[in-house]
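Here's the structure we're looking at; comments come further down.
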Amino acid sequence: MKHEFASFEQKWQTLWEENGIFHAQDQSDKPKFYALVEFPYPSGAGMHVGHIKAYSGLEVVSRKRRMQGYNVLYPIGFDAFGLPAENYAIKTGTHPRVVTDTNIKHFSQQLKRAGFAFDWTRVVDTTEESYYKWTQWIFLKMFEKGLVFRDRAQVNYCPSCKVVLSNEDSQGGQCDICHTDIVQKTKDVWYLRITAYAEKLLQGLEEVDYLPNVKMQQENWIGKSTGAFVNFALSGVEDTLRIYTTRPDTLFGVTFMVIAPEHPLLDTYQDRIGNMDAILAYRDACAKKTEFERTQLVKDKTGVRVEGISAIHPITGKEIPLFISDYVMMGYGTGAIMAVPAHDQRDWEFAHAFGADIIPVIQGGNIEECAYPGDGEMINSDFLCGIKNKKEAISAMLTYLEEKGIGEAGVQFKMKDWAFNRQRYWGEPIPIVHCEKCGIVPVPFEELPLRLPVVENYEPGEGGESPLAKISSFVECHCPKCGGNAKRETDTMPQWAGSSWYFLRYIDPHNPQSLADYDKLKYWLPVDWYNGGMEHVTRHMIYSRFWHRFLYDLGVVPTKEPYAKRTAQGLILGADGVKMSKSRGNVIDPNDVIDKFGADTLRTYVLFMGDYGSAAPWSDSSMRGCKRFLERVADLESKAKGHGATPKLESAFHKTIKKVSSDIEELKFNTAIAAMMTLLNQIDDVGSLTLDELSVFVRLLCPIAPHLCEELWQRMGGEGFCSTAPWPVYDEAKTVDAEIEVAVQFNGKLKGTIMIPTGCDRDTALAIAKADEKISAQLAQVEIIKEIFVPGKIVSFVCKPKA
RNA sequence: GCCGAUGUGGCGGAACAGGCAGACGCCUCGGACUUAAAAUCCGAUGGGACUUAUACUCCCGUACCGGUUCGAGCCCGGUCAUCGGCACCA
């Protein structure tokens with residue numbers, strides 16, 4: 001067989017598809033395995049090699065599991081709502097539907113050319129009405145349960161894309177898509193109350209097997225802190241100021257209070273406040289700052305004293321000045337803090353800028369002495385004095401606060417509610433009607449899907465209005481409740497919506513009655529293994545875990561958590577060692593590689609190039625090495641004859657089966673391939689192998705280079721497809737050699753090696769070492785102090801030179 | 001600033017659980033085949049010393065400094081660098 005791989009790759013892809021060998025069965029006696037990869041956004045640029053690496057990991061695992069007798073579900077789909085298709089539509093006038101269909105076709109063709117064993121009968125497209133009907137359905141269910149709300153808010157607005165962006169989409173003060181600086185704007189925004197699920201999302205992490213850093217990033221994102229709420233009475237008005245603190249033990253060190261510039265207290269008591277003009281001026285100045293300016297740039301403390309109102313210390317009764325400052329955020333805690341400048345860096349800076357008192361309450365815990373207050377003896381703190389342990393001091397204070405009704409223990413989360421709307425055309429319409437009489441009314445479930453209307457012009461309206469707002473046939477409607485005139489919501493959902501539940505639809509992709517049949521969900525869930533990029537670990541994964549948990553509470557899905565296990569692949573960098581990008585011109589197109597080297601070479605190389613979880617630069621010559629390997633494998637055919645085992649190769653085969661089997665499960669494809677290369681070198685040294693051995697080799701390599709292996713399988717008369725042939729098994733006894741080589745050391749330095757029988761005892765090993773010509777000569781020069789034997793590892797002599 | 005990860009030849013990377021560092025591949029060099037080149041095959045390949053050369057032998061070597069141990073890429077303490085996450089979160 002000569003090495004024109006391209007000549008048969010397509011043949012096998014066609015045969016696999018015609019025979020449906022990668023179709024998952026909804027009922028089966030076999031154990032199930034649901035492997036999930038992040039479905040792509042079908043961009044106009046097509047796939048790049050990074051996609052190939054992203055899908056190759058679980059591709060290999062699930063192909064192996066299939067050969068091991070699992071009923072495998074390995075699906076693919078398209079996360080096809082999104083800005084690029086819409087921007088393209090604006091530019092060219094082509095309907096996003098048309099653009100999307102073209103792109104999906106292109107992506108599908110590329111995926112098929114790579115030979116991925118996806119179940120193509122289960123393809124999901126988030127932009128299809130039969131799909132987004134259920135995205136809208138889930139939204140309405142959340143509305144029903146009070147998890148959807150509308151609020152007027154300062155939002156991040158991209159003047160170029162003309163859209164409101166979430167904090168996540170505008171990190172660094174720039175639009176994620178076009179990198180224009182964002183500005184602040186007041187808008188009515190839809191929110192999903194994900195904060196109601198903060199605790200559940202945090203606890204759910206305990207029952208899943210995620211990579212440690214994945215888990216950590218999610219914990220950081222949720223950002224739970226435990227502390228206390230304390231109510232401070234105010235002087236001058238009949239009211240209290242409620243604050244949140246993680247350090248109630250430092251209550252006696254409070255010398256001033258700070259509230260956020262937007263704090264409602266200021267509006268309530270504007271008549272009492274002597275310097276309202278200055279306060280409003282400061283508030284305005286803050287409002288003009290973007291989130292970025294407020295948090296990243298300004299490190300100098302600014303603020304204004306609130307005149308006419310001050311706080312009363314709840315224990316000492318002392319009067320405490322009240323300030324506004326933008327270092328306190330309205331969106332966290334209560335938007336108000338008690339300032340303890342002796343033990344908090346930010347309060348300390350503010351106290352210095354504004355000349356406030358500083359009362360230390362923890363001995364040795366001053367800001368000036370150490371960066372952060374740790375354990376130390378409590379001082380200047382009435383009943384806490386003398387306590388030396390932070391935990392103890394906190395609990396003593398909490399007991400006091402609760403007894404006196406001043407405050408209570410509480411928790412806070414950094415996670416914010418999810419801004420759930422975009423002023424865009426190419427997204428799921430939010431199924432809500434605004435009625436003059438009834439207010440906000442949900443579209444009845446029977447009317448779903450609420451379809452996107454056909455429009456002429458995709459340009460967003462001025463001021464960030466959705467293009468849908470210009471379509472009166474869409475906007476004008478009747479209220480489902482009272483039948484009166486009403487207007488439809490014209491915002492659409494963000495792209496995160498469709499991807500929050502797609503793994504459920506794969507389980508029952510064509511179901512018109514429900515998002516998926518419960519029995520099927522029960523069979524397939526949870527996803528056994530989810531692999532994707534680190535960049536989706538917080539947003540997409542937390543959003544989808546939220547939706548899934550909500551559906552669980554609703555009784556729609558049978559598991560609390562959607563994903564049992566999560567891993568991540570590393571990037572493929574350009575040959576220059578830099579992230580691939582169009583602008584750098586270092587992007588590698590998988591189609592080009594397949595044209596020149598074949599899909600099997602591409603697959604082998606992306607898995608061989610390094611640790612699967614780490615980034616690695618592309619190298620054409622390294623890839624040629626993989627092609628050479630496959631060509632040498634193809635040549636094995638001419639060296640294979642007879643049956644049974646080749647004595648010189650038997651142990652090597654069993655060892656390789658063992659290593660490849662376990663390496664694949666650990667995503668260590670590079671060493672699995674290296675082990676097969678080593679075996680191939682050994683076969684070449686021997687010069688021949690049996691047909692039985694060739695069969696083992698071909699099946700071991702099949703998940704990685706399936707086209708070549710199918711071809712070889714067929715040529716050697718294998719039954720059916722190699723892709724569904726049984727995975728090779730090894731005999732543990734035959735992986736063990738009769739004799740092993742161990743090192744002999746003097747004082748830890750290598751002096752030689754000896755062969756000893758496997759499993760031999762200490763005396764035997766030492767005797768063999770001493771009998772060794774080279775070793776004995778050297779031993780004659782020294783005095784032995786101690787003899788060490790570690791079975792299977794080493795013989796070591798502790799010694800000193802003879803006097 | 002805080003949290004986490006990583007640091008090994010010319011390159012990508014191996015090394016189970018503290019036991020022969022550098023598997024496997026690439027690059028490079030030498031050889032075979034060829035009129036020639038490409039492809040392919042064979043051999044060498046961490047650095048250095050000794051040696052005419054080979055063999056032998058020795059020394060150095062896993063970011064840096066120190067420690068534990070018969071023995072450290074791996075464990076401990078410290079430093080530096082790179083990458084990622086969070087960041088005025090009270």
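Residues in the structure tokens are named by chain (A, B, ... in the order shown) and by number from 1 within that chain; ligands are numbered from 1 in the order shown.
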For the contact check between chain A and chain B, emit one row per residue of chain A within 8 Å, containing the shortest atom pair and the distance in Å rounded to one decimal, counting only C-alpha atoms (C1' of nucleotides), chain then rising number order, as CSV.
```
residue,atom,partner,partner_atom,distance
A:Asn213,CA,B:G4,C1',7.0
A:Gln217,CA,B:G85,C1',6.3
A:Asn220,CA,B:C86,C1',6.6
A:Trp221,CA,B:C86,C1',7.7
A:Tyr244,CA,B:A90,C1',6.8
A:Thr245,CA,B:A90,C1',5.5
A:Thr246,CA,B:A90,C1',6.9
A:Thr295,CA,B:C88,C1',6.5
A:Lys299,CA,B:C88,C1',7.4
A:Tyr327,CA,B:C88,C1',4.8
A:Val328,CA,B:C88,C1',7.1
A:Tyr332,CA,B:C89,C1',6.4
A:Ile337,CA,B:A90,C1',5.9
A:Met338,CA,B:A90,C1',7.7
A:Arg346,CA,B:C88,C1',6.6
A:Lys414,CA,B:C89,C1',6.1
A:Met609,CA,B:G12,C1',6.1
A:Gly610,CA,B:G13,C1',5.9
A:Asp611,CA,B:G13,C1',7.7
A:Ala616,CA,B:G12,C1',7.3
A:Pro617,CA,B:G12,C1',7.7
A:Ser621,CA,B:C26,C1',6.3
A:Ser622,CA,B:C26,C1',4.9
A:Gly625,CA,B:G25,C1',6.4
A:Cys626,CA,B:G25,C1',7.8
A:Thr671,CA,B:C24,C1',7.4
A:Ile673,CA,B:C24,C1',8.0
A:Ala674,CA,B:C24,C1',4.5
A:Ala675,CA,B:C24,C1',7.3
A:Met677,CA,B:C24,C1',6.9
A:Thr678,CA,B:C24,C1',7.1
A:Val742,CA,B:C20,C1',7.5
A:Ala743,CA,B:C20,C1',5.4
A:Phe746,CA,B:C70,C1',7.9
A:Asn747,CA,B:C70,C1',5.2
A:Gly748,CA,B:G71,C1',4.2
A:Lys749,CA,B:G71,C1',7.6
A:Leu750,CA,B:C20,C1',6.9
A:Thr753,CA,B:C20,C1',7.6
A:Lys786,CA,B:C70,C1',7.9
A:Ile788,CA,B:C70,C1',7.6
A:Val790,CA,B:G19,C1',8.0
A:Lys793,CA,B:G19,C1',5.7
A:Ile794,CA,B:G19,C1',5.8
A:Ser796,CA,B:C70,C1',6.9
A:Phe797,CA,B:C70,C1',7.0
A:Val798,CA,B:C70,C1',5.2
```
- prompt: Which residues come within 6 Å of Asp119 of chain A, counting only C-alpha atoms (C1' of nucleotides), excluding same-chain residues fewer than 6 positions away, as a list in words?
  reply: Phe22, His23 and Pro75 of chain A
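Picture a line from atom CA of Arg488 of chain A to atom CA of Ser500 of chain A; it runs 24.2 Å.
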Spatial neighbours of Lys520 of chain A, 9 Å, only C-alpha atoms (C1' of nucleotides), chain gap at least 3 places, as a PyMOL selection string: chain A and resi 26-27+507-508+516-517+523-525
Practice task
Mind checking which residues fall within 8 Å of G18 of chain B, counting only C-alpha atoms (C1' of nucleotides), ignoring those fewer than 2 positions away in the same chain, and posting them as a list in words?
Solution key: G71, A72, C74 and C75 of chain B
Go ahead and save the picked residues with N, CA and C atoms (P, O5', C5', C4', C3', O3' and C1' of nucleotides), as a PDB file, in the first residue's frame.
```
ATOM      1  P     G B  71      23.017  11.784  50.370  1.00  0.00           P
ATOM      2  O5'   G B  71      22.264  11.406  49.022  1.00  0.00           O
ATOM      3  C5'   G B  71      23.042  11.201  47.837  1.00  0.00           C
ATOM      4  C4'   G B  71      22.159  10.722  46.717  1.00  0.00           C
ATOM      5  C3'   G B  71      20.988  11.628  46.389  1.00  0.00           C
ATOM      6  O3'   G B  71      21.401  12.685  45.548  1.00  0.00           O
ATOM      7  C1'   G B  71      20.242   9.394  46.496  1.00  0.00           C
ATOM      8  P     A B  72      20.652  14.061  45.635  1.00  0.00           P
ATOM      9  O5'   A B  72      19.165  13.735  45.162  1.00  0.00           O
ATOM     10  C5'   A B  72      18.884  13.301  43.826  1.00  0.00           C
ATOM     11  C4'   A B  72      17.758  14.141  43.244  1.00  0.00           C
ATOM     12  C3'   A B  72      18.109  15.616  43.060  1.00  0.00           C
ATOM     13  O3'   A B  72      17.404  16.123  41.952  1.00  0.00           O
ATOM     14  C1'   A B  72      16.337  15.436  44.583  1.00  0.00           C
ATOM     15  P     C B  74      13.790  19.044  42.577  1.00  0.00           P
ATOM     16  O5'   C B  74      12.412  18.257  42.539  1.00  0.00           O
ATOM     17  C5'   C B  74      11.225  18.857  41.981  1.00  0.00           C
ATOM     18  C4'   C B  74      10.123  17.837  41.995  1.00  0.00           C
ATOM     19  C3'   C B  74       9.788  17.316  43.388  1.00  0.00           C
ATOM     20  O3'   C B  74       8.383  17.196  43.546  1.00  0.00           O
ATOM     21  C1'   C B  74      10.394  15.512  41.973  1.00  0.00           C
ATOM     22  P     C B  75       7.681  18.293  44.476  1.00  0.00           P
ATOM     23  O5'   C B  75       8.203  17.912  45.934  1.00  0.00           O
ATOM     24  C5'   C B  75       7.488  17.009  46.768  1.00  0.00           C
ATOM     25  C4'   C B  75       8.056  17.038  48.161  1.00  0.00           C
ATOM     26  C3'   C B  75       8.370  18.422  48.708  1.00  0.00           C
ATOM     27  O3'   C B  75       7.219  19.026  49.252  1.00  0.00           O
ATOM     28  C1'   C B  75      10.219  17.014  49.081  1.00  0.00           C
TER      29        C B  75
END
```
Practice item. Please report, as a ChimeraX atom specification, each residue of segment 364-576 of chain A to which DSSP assigns strand (DSSP E) when run on this structure's backbone. Key: /A:407-413,418-419,432-435,439-442,476-478,485-488,529-532,565-568,572-573
If you count only C-alpha atoms, the residue of A:Ser325, A:Thr316, A:Ser514, A:Ser108 closest to Trp137 of chain A turns out to be A:Ser514
Just the number, please: distance in Å from atom CA of Asn457 of chain A to atom CA of Pro429 of chain A, one decimal.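 Going from atom CA of Asn457 of chain A over to atom CA of Pro429 of chain A covers 16.6 Å.
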**Prompt:** Near U45 of chain B, within 12 Å and counting only C-alpha atoms (C1' of nucleotides), which residues show up once chain neighbours fewer than 2 positions away are dropped, as number ranges by chain?
**Reply:** B: 9-10, 27-30, 43
Contacts of Tyr74 of chain A within 9 Å, only C-alpha atoms (C1' of nucleotides), excl. fewer than 6 positions in-chain, as JSON, numbers by chain = {"A": [22, 23, 24, 33, 34, 35, 36, 37, 58, 59, 62, 117, 118, 119]}
Give me a file of those residues, with C-alpha atoms, as a tab-separated table (two decimals), in the first residue's frame.
```tsv
chain	number	residue	atom	x	y	z
A	22	PHE	CA	-21.19	6.25	15.25
A	23	HIS	CA	-24.89	6.63	16.00
A	24	ALA	CA	-25.70	6.50	19.70
A	33	PHE	CA	-20.59	7.16	27.72
A	34	TYR	CA	-21.59	10.74	26.96
A	35	ALA	CA	-18.62	12.77	25.76
A	36	LEU	CA	-19.19	16.47	25.10
A	37	VAL	CA	-17.07	19.08	23.39
A	58	LEU	CA	-12.61	13.22	23.44
A	59	GLU	CA	-12.75	11.91	19.87
A	62	SER	CA	-14.88	8.00	22.84
A	117	ALA	CA	-16.79	10.14	14.88
A	118	PHE	CA	-19.68	12.45	15.69
A	119	ASP	CA	-23.25	11.26	15.62
```
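Listed by chain and then by rising number, the residues of segment 51-90 of chain A that DSSP assigns to helix (DSSP H, G or I) from the backbone are His51, Ile52, Lys53, Ala54, Tyr55, Ser56, Gly57, Leu58, Glu59, Val60, Val61, Ser62, Arg63, Lys64, Arg65, Arg66, Met67, Leu83, Pro84, Ala85, Glu86, Asn87, Tyr88, Ala89 and Ile90 of chain A.
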Output file for the residues above (C-alpha atoms, as an mmCIF file, in the first residue's frame):
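Output file result-v2.cif is given in full below:
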```
data_model
loop_
_atom_site.group_PDB
_atom_site.id
_atom_site.type_symbol
_atom_site.label_atom_id
_atom_site.label_comp_id
_atom_site.auth_asym_id
_atom_site.auth_seq_id
_atom_site.Cartn_x
_atom_site.Cartn_y
_atom_site.Cartn_z
ATOM 1 C CA HIS A 51 -10.827 23.297 16.703
ATOM 2 C CA ILE A 52 -9.235 20.052 15.546
ATOM 3 C CA LYS A 53 -7.232 19.788 18.753
ATOM 4 C CA ALA A 54 -10.256 20.699 20.869
ATOM 5 C CA TYR A 55 -12.332 17.874 19.403
ATOM 6 C CA SER A 56 -9.547 15.311 19.010
ATOM 7 C CA GLY A 57 -9.186 14.652 22.722
ATOM 8 C CA LEU A 58 -12.614 13.218 23.444
ATOM 9 C CA GLU A 59 -12.746 11.913 19.873
ATOM 10 C CA VAL A 60 -9.989 9.487 20.801
ATOM 11 C CA VAL A 61 -11.425 8.699 24.229
ATOM 12 C CA SER A 62 -14.884 8.001 22.839
ATOM 13 C CA ARG A 63 -13.591 5.959 19.902
ATOM 14 C CA LYS A 64 -11.645 3.849 22.382
ATOM 15 C CA ARG A 65 -14.673 3.498 24.669
ATOM 16 C CA ARG A 66 -16.783 2.449 21.705
ATOM 17 C CA MET A 67 -14.263 -0.294 20.917
ATOM 18 C CA LEU A 83 -22.709 39.223 16.186
ATOM 19 C CA PRO A 84 -20.398 38.340 13.285
ATOM 20 C CA ALA A 85 -23.223 36.911 11.163
ATOM 21 C CA GLU A 86 -25.277 39.988 11.901
ATOM 22 C CA ASN A 87 -22.442 42.391 11.104
ATOM 23 C CA TYR A 88 -21.901 40.536 7.865
ATOM 24 C CA ALA A 89 -25.604 40.916 7.140
ATOM 25 C CA ILE A 90 -25.400 44.650 7.755
#
```
Report as an MDAnalysis selection string all protein, DNA and RNA residues lying within 10 Å of Asn681 of chain A, evaluated on only C-alpha atoms (C1' of nucleotides), omitting residues in the same chain fewer than 6 positions from it. chainID A and resid 629 632 675 687
Students should find that atom CA of Val258 of chain A and atom CA of Val304 of chain A are spaced 9.5 Å
